[in-house]
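Data block for target.pdb (PDB, C-alpha atoms):
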```pdb
MODEL        1
ATOM      1  CA  LEU A 119     -23.943  22.360  -3.319
ATOM      2  CA  ASN A 120     -20.485  23.878  -3.023
ATOM      3  CA  GLN A 121     -20.808  24.957   0.590
ATOM      4  CA  ARG A 122     -21.195  22.725   3.633
ATOM      5  CA  LEU A 123     -24.636  22.834   5.196
ATOM      6  CA  LYS A 124     -24.959  24.144   8.728
ATOM      7  CA  PHE A 125     -27.873  23.231  11.020
ATOM      8  CA  THR A 126     -28.102  26.847  12.177
ATOM      9  CA  ASP A 127     -28.842  27.923   8.606
ATOM     10  CA  HIS A 128     -32.005  25.819   8.454
ATOM     11  CA  PRO A 129     -34.678  26.584  11.087
ATOM     12  CA  LYS A 130     -36.854  23.675   9.998
ATOM     13  CA  ILE A 131     -34.072  21.200  10.676
ATOM     14  CA  MET A 132     -33.326  22.805  14.005
ATOM     15  CA  GLY A 133     -36.994  22.661  14.925
ATOM     16  CA  THR A 134     -37.151  18.888  14.489
ATOM     17  CA  MET A 135     -34.219  18.209  16.815
ATOM     18  CA  PRO A 136     -35.323  16.654  20.163
ATOM     19  CA  GLU A 137     -34.828  18.466  23.430
ATOM     20  CA  PHE A 138     -32.012  17.095  25.564
ATOM     21  CA  SER A 139     -32.397  16.586  29.302
ATOM     22  CA  ILE A 140     -29.574  16.999  31.796
ATOM     23  CA  ILE A 141     -29.208  13.200  31.886
ATOM     24  CA  HIS A 142     -28.755  13.106  28.116
ATOM     25  CA  LEU A 143     -26.099  15.794  28.338
ATOM     26  CA  LEU A 144     -24.264  13.969  31.120
ATOM     27  CA  LEU A 145     -24.259  10.738  29.097
ATOM     28  CA  LEU A 146     -22.915  12.596  26.074
ATOM     29  CA  LEU A 147     -20.147  14.097  28.214
ATOM     30  CA  VAL A 148     -19.154  10.653  29.502
ATOM     31  CA  ILE A 149     -18.943   9.306  25.957
ATOM     32  CA  LEU A 150     -16.766  12.197  24.835
ATOM     33  CA  LEU A 151     -14.395  11.681  27.761
ATOM     34  CA  LEU A 152     -13.890   7.978  27.072
ATOM     35  CA  PRO A 153     -10.318   7.200  25.904
ATOM     36  CA  THR A 154      -9.932   6.728  22.185
ATOM     37  CA  THR A 155      -8.276   3.657  20.704
ATOM     38  CA  ASN A 156      -4.637   3.776  19.679
ATOM     39  CA  ASN A 157      -2.991   2.555  16.509
ATOM     40  CA  VAL A 158      -3.689  -1.129  17.155
ATOM     41  CA  SER A 159      -6.947  -2.974  17.629
ATOM     42  CA  ALA A 160      -7.841  -6.610  18.010
ATOM     43  CA  PHE A 161      -8.904  -7.742  14.589
ATOM     44  CA  SER A 162     -11.880  -9.660  15.892
ATOM     45  CA  SER A 163     -13.354  -6.453  17.279
ATOM     46  CA  SER A 164     -12.565  -4.283  14.273
ATOM     47  CA  PRO A 165     -15.776  -3.504  12.340
ATOM     48  CA  GLN A 166     -15.775  -4.447   8.671
ATOM     49  CA  SER A 167     -18.091  -2.955   6.072
ATOM     50  CA  HIS A 168     -16.959  -5.559   3.562
ATOM     51  CA  PRO A 169     -15.638  -9.141   3.639
ATOM     52  CA  PRO A 170     -12.364  -9.405   5.585
ATOM     53  CA  LEU A 171      -9.133  -9.360   3.631
ATOM     54  CA  VAL A 172      -7.642 -12.687   2.651
ATOM     55  CA  LEU A 173      -3.898 -13.286   2.658
ATOM     56  CA  PRO A 174      -2.777 -14.350  -0.852
ATOM     57  CA  THR A 175      -0.636 -17.474  -1.063
ATOM     58  CA  ASN A 176       0.435 -17.533  -4.709
ATOM     59  CA  PRO A 177       1.502 -15.069  -7.422
ATOM     60  CA  ASP A 178      -1.874 -14.959  -9.175
ATOM     61  CA  ASP A 179      -3.678 -14.076  -5.957
ATOM     62  CA  VAL A 180      -1.101 -11.379  -5.152
ATOM     63  CA  ILE A 181      -1.533  -9.828  -8.604
ATOM     64  CA  ARG A 182      -5.332  -9.863  -8.448
ATOM     65  CA  GLN A 183      -5.436  -8.362  -4.967
ATOM     66  CA  ALA A 184      -2.799  -5.719  -5.702
ATOM     67  CA  ALA A 185      -4.425  -4.717  -9.000
ATOM     68  CA  ALA A 186      -7.832  -4.271  -7.349
ATOM     69  CA  SER A 187      -6.329  -2.196  -4.526
ATOM     70  CA  ILE A 188      -4.327   0.079  -6.840
ATOM     71  CA  SER A 189      -7.305   0.558  -9.143
ATOM     72  CA  LYS A 190      -9.577   1.445  -6.217
ATOM     73  CA  ALA A 191      -7.142   4.061  -4.916
ATOM     74  CA  TYR A 192      -6.858   5.691  -8.344
ATOM     75  CA  THR A 193     -10.342   5.419  -9.835
ATOM     76  CA  GLN A 194     -12.344   6.018  -6.639
ATOM     77  CA  ASP A 195     -10.105   8.341  -4.622
ATOM     78  CA  GLY A 196      -7.882   9.944  -7.269
ATOM     79  CA  ILE A 197      -4.599   8.712  -5.767
ATOM     80  CA  ASN A 198      -2.289   8.777  -8.786
ATOM     81  CA  LEU A 199       1.024   8.671  -6.888
ATOM     82  CA  GLN A 200       1.348   5.315  -5.141
ATOM     83  CA  THR A 201       3.993   3.196  -3.445
ATOM     84  CA  ILE A 202       3.656  -0.565  -3.945
ATOM     85  CA  ASN A 203       5.450  -3.325  -2.037
ATOM     86  CA  LEU A 204       5.225  -6.847  -3.418
ATOM     87  CA  PRO A 205       6.618  -9.917  -1.606
ATOM     88  CA  LEU A 206       9.654 -11.567  -3.139
ATOM     89  CA  SER A 207       9.555 -14.987  -1.556
ATOM     90  CA  GLU A 208      11.075 -17.840  -3.537
ATOM     91  CA  ALA A 209       8.717 -20.162  -1.674
ATOM     92  CA  ILE A 210       5.808 -18.273  -3.263
ATOM     93  CA  TYR A 211       7.163 -17.287  -6.655
ATOM     94  CA  GLY A 212       9.533 -20.165  -7.302
ATOM     95  CA  GLY A 213       7.214 -22.960  -6.201
ATOM     96  CA  LYS A 214       9.751 -24.130  -3.620
ATOM     97  CA  GLU A 215       9.018 -25.839  -0.322
ATOM     98  CA  GLU A 216      11.907 -24.455   1.728
ATOM     99  CA  GLY A 217      11.242 -23.143   5.232
ATOM    100  CA  PHE A 218      10.391 -19.486   5.584
ATOM    101  CA  VAL A 219      13.316 -18.720   7.910
ATOM    102  CA  ALA A 220      15.722 -19.761   5.156
ATOM    103  CA  ASP A 221      13.645 -18.010   2.535
ATOM    104  CA  ARG A 222      15.291 -15.119   0.731
ATOM    105  CA  ALA A 223      12.296 -12.950   1.504
ATOM    106  CA  ILE A 224      13.888 -12.509   4.933
ATOM    107  CA  GLY A 225      17.219 -11.307   3.606
ATOM    108  CA  TRP A 226      17.580 -11.664  -0.135
ATOM    109  CA  GLN A 227      21.157 -12.811  -0.647
ATOM    110  CA  GLY A 228      21.385 -12.181  -4.366
ATOM    111  CA  GLY A 229      20.937  -8.427  -4.217
ATOM    112  CA  PRO A 230      18.762  -6.147  -6.353
ATOM    113  CA  GLN A 231      19.730  -7.787  -9.643
ATOM    114  CA  GLU A 232      18.291 -11.097  -8.481
ATOM    115  CA  THR A 233      15.164  -9.584  -6.959
ATOM    116  CA  TYR A 234      14.629  -7.835 -10.285
ATOM    117  CA  ARG A 235      14.363 -11.237 -11.998
ATOM    118  CA  TYR A 236      11.369 -12.079  -9.839
ATOM    119  CA  LEU A 237       9.874  -8.604  -9.697
ATOM    120  CA  SER A 238       9.914  -7.702 -13.387
ATOM    121  CA  PRO A 239       7.454 -10.352 -14.678
ATOM    122  CA  LEU A 240       5.274  -9.830 -11.613
ATOM    123  CA  VAL A 241       4.936  -6.090 -12.267
ATOM    124  CA  SER A 242       4.333  -6.686 -15.947
ATOM    125  CA  SER A 243       1.399  -8.954 -15.102
ATOM    126  CA  LEU A 244       0.178  -6.467 -12.497
ATOM    127  CA  LEU A 245       0.064  -3.558 -14.962
ATOM    128  CA  LYS A 246      -2.068  -5.632 -17.324
ATOM    129  CA  LYS A 247      -4.533  -6.426 -14.517
ATOM    130  CA  ILE A 248      -5.063  -2.901 -13.150
ATOM    131  CA  LYS A 249      -8.536  -1.867 -14.270
ATOM    132  CA  MET A 250      -8.508   1.754 -15.465
ATOM    133  CA  THR A 251     -11.693   1.714 -17.545
ATOM    134  CA  ASP A 252     -14.141  -0.765 -19.075
ATOM    135  CA  ASN A 253     -13.602   0.777 -22.498
ATOM    136  CA  THR A 254     -10.913  -1.470 -23.993
ATOM    137  CA  GLY A 255     -12.532  -2.302 -27.338
ATOM    138  CA  GLY A 256     -11.569  -5.926 -26.759
ATOM    139  CA  LEU A 257      -7.879  -5.052 -26.970
ATOM    140  CA  THR A 258      -5.231  -5.777 -24.343
ATOM    141  CA  VAL A 259      -2.798  -3.535 -22.507
ATOM    142  CA  LYS A 260       0.732  -3.445 -23.932
ATOM    143  CA  VAL A 261       3.624  -3.361 -21.435
ATOM    144  CA  SER A 262       7.180  -2.313 -22.312
ATOM    145  CA  GLU A 263      10.276  -2.111 -20.122
ATOM    146  CA  GLN A 264      13.409  -0.001 -19.997
ATOM    147  CA  ILE A 265      16.366  -0.958 -17.795
ATOM    148  CA  LEU A 266      17.696   2.042 -15.871
ATOM    149  CA  LEU A 267      20.726   1.034 -13.783
ATOM    150  CA  ASP A 268      21.557  -2.647 -14.133
ATOM    151  CA  PHE A 269      23.608  -2.856 -10.921
ATOM    152  CA  ASP A 270      20.653  -1.411  -8.987
ATOM    153  CA  GLY A 271      18.166  -3.778 -10.591
ATOM    154  CA  SER A 272      16.037  -0.752 -11.433
ATOM    155  CA  ALA A 273      13.758  -0.376 -14.425
ATOM    156  CA  LEU A 274      10.782   1.483 -15.854
ATOM    157  CA  GLN A 275       7.711  -0.373 -17.063
ATOM    158  CA  THR A 276       5.054   1.424 -19.074
ATOM    159  CA  SER A 277       1.587   0.117 -19.860
ATOM    160  CA  GLU A 278      -0.114   1.493 -22.971
ATOM    161  CA  HIS A 279      -3.894   1.287 -22.650
ATOM    162  CA  PRO A 280      -6.017   0.660 -25.775
ATOM    163  CA  ALA A 281      -8.530   3.291 -24.599
ATOM    164  CA  GLY A 282      -5.938   6.034 -24.872
ATOM    165  CA  PRO A 283      -2.842   7.497 -23.194
ATOM    166  CA  ILE A 284      -4.842   8.999 -20.313
ATOM    167  CA  TYR A 285      -5.065   5.441 -18.943
ATOM    168  CA  ASP A 286      -1.364   4.629 -19.365
ATOM    169  CA  ILE A 287       0.663   3.701 -16.277
ATOM    170  CA  ILE A 288       4.370   4.007 -15.429
ATOM    171  CA  ALA A 289       5.998   1.845 -12.746
ATOM    172  CA  LEU A 290       9.484   2.558 -11.388
ATOM    173  CA  LEU A 291      10.965  -0.689 -10.082
ATOM    174  CA  GLN A 292      13.368  -0.810  -7.131
ATOM    175  CA  PRO A 293      14.420   2.834  -6.850
ATOM    176  CA  ASN A 294      16.884   3.535  -4.043
ATOM    177  CA  THR A 295      18.184   6.570  -2.182
ATOM    178  CA  ASP A 296      20.608   7.679  -4.869
ATOM    179  CA  GLY A 297      19.959  11.209  -6.121
ATOM    180  CA  TYR A 298      19.492   9.764  -9.595
ATOM    181  CA  TYR A 299      16.095   8.407  -8.568
ATOM    182  CA  ILE A 300      14.949  11.710  -7.101
ATOM    183  CA  GLN A 301      15.674  13.277 -10.507
ATOM    184  CA  THR A 302      13.955  10.380 -12.281
ATOM    185  CA  ILE A 303      10.813  10.691 -10.149
ATOM    186  CA  GLU A 304      10.661  14.450 -10.688
ATOM    187  CA  SER A 305      11.085  14.000 -14.434
ATOM    188  CA  ILE A 306       8.330  11.352 -14.684
ATOM    189  CA  GLU A 307       5.952  13.492 -12.676
ATOM    190  CA  GLU A 308       6.636  16.535 -14.864
ATOM    191  CA  GLN A 309       6.370  14.723 -18.174
ATOM    192  CA  PHE A 310       3.806  12.025 -17.389
ATOM    193  CA  SER A 311       1.846  11.781 -14.145
ATOM    194  CA  ASN A 312       1.476  15.375 -12.948
ATOM    195  CA  THR A 313       1.922  17.460 -16.084
ATOM    196  CA  ASP A 314       0.496  20.946 -15.689
ATOM    197  CA  GLY A 315      -2.829  21.404 -17.439
ATOM    198  CA  LYS A 316      -3.393  17.684 -18.031
ATOM    199  CA  SER A 317      -5.232  14.920 -16.190
ATOM    200  CA  LYS A 318      -3.170  13.095 -13.597
ATOM    201  CA  ARG A 319      -1.974   9.657 -14.613
ATOM    202  CA  LEU A 320      -1.008   6.689 -12.470
ATOM    203  CA  PHE A 321       2.646   6.477 -11.383
ATOM    204  CA  LEU A 322       3.838   3.624  -9.149
ATOM    205  CA  LEU A 323       7.018   3.284  -7.078
ATOM    206  CA  VAL A 324       7.416  -0.480  -6.787
ATOM    207  CA  ASN A 325       9.511  -2.055  -4.021
ATOM    208  CA  PRO A 326      11.608   1.026  -3.224
ATOM    209  CA  ALA A 327      14.777   0.381  -1.211
ATOM    210  CA  TRP A 328      13.904   2.911   1.496
ATOM    211  CA  ARG A 329      11.692   2.597   4.581
ATOM    212  CA  ASP A 330      11.398   6.222   5.685
ATOM    213  CA  LYS A 331      13.218   9.537   5.339
ATOM    214  CA  ASN A 332      15.982   8.320   7.687
ATOM    215  CA  SER A 333      17.050   5.921   4.938
ATOM    216  CA  TRP A 334      18.174   8.951   2.932
ATOM    217  CA  GLY A 335      20.595  10.355   5.471
ATOM    218  CA  PHE A 336      20.809  13.888   6.803
ATOM    219  CA  PHE A 337      21.015  15.746   3.480
ATOM    220  CA  GLY A 338      18.549  13.715   1.416
ATOM    221  CA  GLY A 339      15.885  13.177   4.069
ATOM    222  CA  LYS A 340      14.192  16.558   3.752
ATOM    223  CA  LYS A 341      13.928  16.317  -0.039
ATOM    224  CA  ALA A 342      12.625  12.744   0.148
ATOM    225  CA  GLN A 343      10.029  13.756   2.720
ATOM    226  CA  GLU A 344       8.713  16.582   0.561
ATOM    227  CA  LEU A 345       8.797  14.710  -2.753
ATOM    228  CA  ILE A 346       7.821  11.178  -1.710
ATOM    229  CA  PHE A 347       6.622  10.587   1.846
ATOM    230  CA  ASP A 348       4.300  13.606   1.957
ATOM    231  CA  ARG A 349       2.761  12.829  -1.436
ATOM    232  CA  TYR A 350       2.831   9.092  -2.242
ATOM    233  CA  GLU A 351       0.242   6.819  -0.636
ATOM    234  CA  THR A 352       0.588   3.082  -0.087
ATOM    235  CA  GLY A 353      -1.633   1.595  -2.772
ATOM    236  CA  TYR A 354      -0.759  -1.987  -1.830
ATOM    237  CA  ALA A 355       1.803  -3.714   0.367
ATOM    238  CA  LEU A 356       2.501  -7.274   1.428
ATOM    239  CA  ASP A 357       5.581  -7.677   3.630
ATOM    240  CA  GLN A 358       6.723 -10.957   5.154
ATOM    241  CA  PHE A 359       9.164 -11.614   7.980
ATOM    242  CA  VAL A 360       9.708 -13.684  11.128
ATOM    243  CA  VAL A 361       8.649 -12.564  14.623
ATOM    244  CA  ARG A 362       9.034 -14.838  17.659
ATOM    245  CA  GLY A 363      10.031 -17.636  15.299
ATOM    246  CA  ARG A 364       6.745 -17.453  13.390
ATOM    247  CA  LYS A 365       6.047 -16.375   9.823
ATOM    248  CA  VAL A 366       4.258 -13.032   9.887
ATOM    249  CA  SER A 367       2.647 -11.253   6.933
ATOM    250  CA  LEU A 368       1.714  -7.574   6.975
ATOM    251  CA  LEU A 369      -0.972  -6.711   4.418
ATOM    252  CA  LYS A 370      -2.189  -3.292   3.313
ATOM    253  CA  CYS A 371      -4.956  -2.808   0.765
ATOM    254  CA  TRP A 372      -6.522   0.520  -0.083
ATOM    255  CA  SER A 373      -8.276   1.835   1.984
ATOM    256  CA  ASP A 374      -8.114  -0.738   4.785
ATOM    257  CA  ASP A 375      -5.875  -0.755   7.835
ATOM    258  CA  TRP A 376      -2.556  -2.606   7.988
ATOM    259  CA  ILE A 377      -3.442  -6.179   8.952
ATOM    260  CA  VAL A 378      -1.121  -8.667  10.646
ATOM    261  CA  PHE A 379      -1.403 -12.347   9.750
ATOM    262  CA  VAL A 380       0.508 -15.153  11.483
ATOM    263  CA  GLU A 381       1.121 -18.605  10.068
ATOM    264  CA  ASN A 382      -0.448 -21.586  11.807
ATOM    265  CA  ASP A 383       2.549 -23.039  13.650
ATOM    266  CA  LYS A 384       0.933 -26.463  14.008
ATOM    267  CA  ASP A 385      -0.162 -26.832  10.401
ATOM    268  CA  PRO A 386       1.309 -24.270   7.918
ATOM    269  CA  SER A 387      -1.018 -25.590   5.216
ATOM    270  CA  LEU A 388      -3.969 -24.020   7.030
ATOM    271  CA  PRO A 389      -4.895 -20.371   6.328
ATOM    272  CA  ALA A 390      -2.953 -17.769   8.289
ATOM    273  CA  THR A 391      -4.671 -16.183  11.278
ATOM    274  CA  MET A 392      -5.555 -12.483  11.368
ATOM    275  CA  VAL A 393      -4.053 -11.125  14.586
ATOM    276  CA  ALA A 394      -4.464  -7.340  14.674
ATOM    277  CA  SER A 395      -5.020  -4.255  12.571
ATOM    278  CA  PHE A 396      -3.208  -0.915  12.645
ATOM    279  CA  GLU A 397      -4.177   2.459  11.226
ATOM    280  CA  ALA A 398      -0.523   3.249  10.417
ATOM    281  CA  ARG A 399       2.209   0.818   9.407
ATOM    282  CA  PRO A 400       3.221  -0.898  12.657
ATOM    283  CA  VAL A 401       6.800  -1.082  13.876
ATOM    284  CA  TYR A 402       8.366  -4.342  15.007
ATOM    285  CA  ASN A 403       7.573  -3.799  18.697
ATOM    286  CA  GLU A 404       3.866  -3.349  17.952
ATOM    287  CA  ILE A 405       3.728  -6.577  15.958
ATOM    288  CA  ASP A 406       5.699  -8.392  18.660
ATOM    289  CA  ALA A 407       3.230  -7.185  21.308
ATOM    290  CA  ALA A 408       0.288  -8.411  19.207
ATOM    291  CA  LEU A 409       1.852 -11.885  18.931
ATOM    292  CA  ALA A 410       2.680 -11.931  22.632
ATOM    293  CA  LYS A 411      -0.975 -11.214  23.423
ATOM    294  CA  LEU A 412      -2.000 -14.019  21.090
ATOM    295  CA  ALA A 413       0.169 -16.444  23.054
ATOM    296  CA  GLU A 414      -1.453 -15.538  26.389
TER     297      GLU A 414
ENDMDL
END
```
Please rewrite the model in this file as structure tokens.
Amino acid sequence: LNQRLKFTDHPKIMGTMPEFSIIHLLLLLVILLLPTTNNVSAFSSSPQSHPPLVLPTNPDDVIRQAAASISKAYTQDGINLQTINLPLSEAIYGGKEEGFVADRAIGWQGGPQETYRYLSPLVSSLLKKIKMTDNTGGLTVKVSEQILLDFDGSALQTSEHPAGPIYDIIALLQPNTDGYYIQTIESIEEQFSNTDGKSKRLFLLVNPAWRDKNSWGFFGGKKAQELIFDRYETGYALDQFVVRGRKVSLLKCWSDDWIVFVENDKDPSLPATMVASFEARPVYNEIDAALAKLAE
């Protein structure tokens, strides 16, 4: 059916509805007047229709989780324009045991060229893991890469699917707020992901250098809002930082809320604790408040 059904259009349905007393109506009014929840909720009280998310602790787990999330957004909900944020912690990807506060995931000292060294093989593996269709004929996905601006550490990776070009994927690594990347995004959309008259294909912006439209300044903010922030959804994100001296991870999988994990300060080898969930990406003060409540 193309039109939404209305109860008033179907007398039989209306006839089976129970009569409501004044008490029932008063109870309904009370429920409607109850205050709604805000952006944050205690994770323990947040209903889950599936097993709770698990925080990945190694590159393979990150790739598997990210690939499943991206695939779900595209194949189930048709989200072909996605923003992806992958963690770039040397302690995770380099097999090092250094403390998180000194970890370059907090403030990567080597710049975009060094982060590219870690990000490039990770994205290549990710593109091979994203499930687009079961029809592969036993063949594997082929991934190629093209360096864009070396000093920016930016690149394009393209996956060629054995089932045909409709399942190909393009990933733009580490774009920043330079106008060059606006032109690049528009060109890829026109020629690949959102070509008029053709099926939409998957296009990923991986670890972009911006946070919101304010990152673009006064003149670029409006264009960035219209082209990117109003159209690209977060397909997967795992950010890591320190709040109140504790390692905090912020995880987003499609189509779950943003979930805050905090490292066990007594024994870091134990799994991180889920603290809170947010409908929208939380700001620092919201995460800080969630940790303060945990300490009470």
Next item on the list: Please evaluate the PyMOL selection byres ((chain A and resi 260) around 8) against the displayed coordinates and give the resulting residues as a PyMOL selection string.
Entry: chain A and resi 246+258-259+261-262+277-279
Checklist line | Selection dump of the PyMOL selection byres ((chain A and resi 330) around 10), as a list of chain:residue names | finding: A:Ala327, A:Trp328, A:Arg329, A:Lys331, A:Asn332, A:Ser333, A:Trp334, A:Gly339, A:Ala342, A:Gln343, A:Ile346, A:Phe347
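The closest residue to Glu232 in chain A, picked from A:Thr201, A:Gln292, A:Ala281, A:Lys249 and counting only C-alpha atoms, is A:Gln292.
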Next item on the list: Carefully work through the PyMOL selection byres ((chain A and resi 367) around 8) for this structure and note down the residues it includes, as a PyMOL selection string.
Entry: chain A and resi 356-359+365-366+368-369+378-380
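Of the residues listed (A:Gln264, A:Asn325, A:Ser187, A:Gln231), A:Asn325 shows the shortest atom-to-atom separation from Ile202 in chain A; distances use only C-alpha atoms.
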Note to self: Please determine, counting all atoms listed in the file, which residue among A:Asp374, A:Phe337, A:Glu414, A:Ala408 has the shortest atom-to-atom distance to Val361 in chain A.
What the structure shows: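 Distance minimum relative to Val361 in chain A lands on A:Ala408.
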Notebook entry, point to check: Leu171 in chain A: which residues within 10 Å, counting all atoms listed in the file, same-chain residues fewer than 5 positions away excluded, as a count of residues only?
Noted result: 8
Just want the 6 Å neighbourhood of Asp375 in chain A, counted on all atoms listed in the file, with same-chain residues fewer than 3 positions away dropped. Output as a PDB file with C-alpha atoms, keeping the file's coordinate frame.
```pdb
ATOM      1  CA  SER A 395      -5.020  -4.255  12.571  1.00  0.00           C
ATOM      2  CA  PHE A 396      -3.208  -0.915  12.645  1.00  0.00           C
ATOM      3  CA  GLU A 397      -4.177   2.459  11.226  1.00  0.00           C
TER       4      GLU A 397
END
```
Note to self: So that I can check the surroundings of Gln194 in chain A, please list as a PyMOL selection string every protein, DNA and RNA residue that reaches within 12 Å of it, counting only C-alpha atoms and ignoring chain neighbours fewer than 6 positions away.
What the structure shows: chain A and resi 186-188+249-251+372-373
Notebook entry, point to check: Expressed in Å to a single decimal, how great is the separation between CA of Ile197 in chain A and CA of Leu322 in chain A?
Noted result: 10.4 Å
Notebook entry, point to check: CA of Asn294 in chain A to CA of Gly353 in chain A: how many Å, to one decimal?
Noted result: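 About the pair CA of Asn294 in chain A and CA of Gly353 in chain A: they are 18.7 Å apart.
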Shell around Ser272 in chain A at 6 Å using only C-alpha atoms, local window under 2 positions removed, as a PDB file with C-alpha atoms, in the frame of the given file:
```pdb
ATOM      1  CA  LEU A 266      17.696   2.042 -15.871  1.00  0.00           C
ATOM      2  CA  LEU A 267      20.726   1.034 -13.783  1.00  0.00           C
ATOM      3  CA  ASP A 270      20.653  -1.411  -8.987  1.00  0.00           C
ATOM      4  CA  LEU A 291      10.965  -0.689 -10.082  1.00  0.00           C
ATOM      5  CA  GLN A 292      13.368  -0.810  -7.131  1.00  0.00           C
TER       6      GLN A 292
END
```
Can you fill out range 178-191 of chain A with N, CA and C atoms and hand it back as a JSON list (two decimals), in the frame of the given file?
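Output (part_31.json):
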```
[["chain", "number", "residue", "atom", "x", "y", "z"],
["A", 178, "ASP", "N", -0.64, -15.41, -8.53],
["A", 178, "ASP", "CA", -1.87, -14.96, -9.18],
["A", 178, "ASP", "C", -2.76, -14.21, -8.20],
["A", 179, "ASP", "N", -2.86, -14.74, -6.97],
["A", 179, "ASP", "CA", -3.68, -14.08, -5.96],
["A", 179, "ASP", "C", -3.09, -12.72, -5.58],
["A", 180, "VAL", "N", -1.76, -12.65, -5.47],
["A", 180, "VAL", "CA", -1.10, -11.38, -5.15],
["A", 180, "VAL", "C", -1.41, -10.34, -6.23],
["A", 181, "ILE", "N", -1.29, -10.75, -7.49],
["A", 181, "ILE", "CA", -1.53, -9.83, -8.60],
["A", 181, "ILE", "C", -2.97, -9.33, -8.61],
["A", 182, "ARG", "N", -3.92, -10.25, -8.44],
["A", 182, "ARG", "CA", -5.33, -9.86, -8.45],
["A", 182, "ARG", "C", -5.65, -8.89, -7.31],
["A", 183, "GLN", "N", -5.15, -9.21, -6.12],
["A", 183, "GLN", "CA", -5.44, -8.36, -4.97],
["A", 183, "GLN", "C", -4.78, -6.99, -5.10],
["A", 184, "ALA", "N", -3.51, -6.99, -5.54],
["A", 184, "ALA", "CA", -2.80, -5.72, -5.70],
["A", 184, "ALA", "C", -3.44, -4.86, -6.79],
["A", 185, "ALA", "N", -3.81, -5.47, -7.90],
["A", 185, "ALA", "CA", -4.42, -4.72, -9.00],
["A", 185, "ALA", "C", -5.74, -4.07, -8.56],
["A", 186, "ALA", "N", -6.56, -4.81, -7.82],
["A", 186, "ALA", "CA", -7.83, -4.27, -7.35],
["A", 186, "ALA", "C", -7.61, -3.12, -6.38],
["A", 187, "SER", "N", -6.61, -3.24, -5.51],
["A", 187, "SER", "CA", -6.33, -2.20, -4.53],
["A", 187, "SER", "C", -5.82, -0.93, -5.20],
["A", 188, "ILE", "N", -4.89, -1.07, -6.12],
["A", 188, "ILE", "CA", -4.33, 0.08, -6.84],
["A", 188, "ILE", "C", -5.41, 0.78, -7.65],
["A", 189, "SER", "N", -6.23, -0.01, -8.33],
["A", 189, "SER", "CA", -7.30, 0.56, -9.14],
["A", 189, "SER", "C", -8.30, 1.33, -8.28],
["A", 190, "LYS", "N", -8.64, 0.78, -7.12],
["A", 190, "LYS", "CA", -9.58, 1.44, -6.22],
["A", 190, "LYS", "C", -9.03, 2.79, -5.75],
["A", 191, "ALA", "N", -7.75, 2.81, -5.39],
["A", 191, "ALA", "CA", -7.14, 4.06, -4.92],
["A", 191, "ALA", "C", -7.16, 5.13, -6.00]]
```
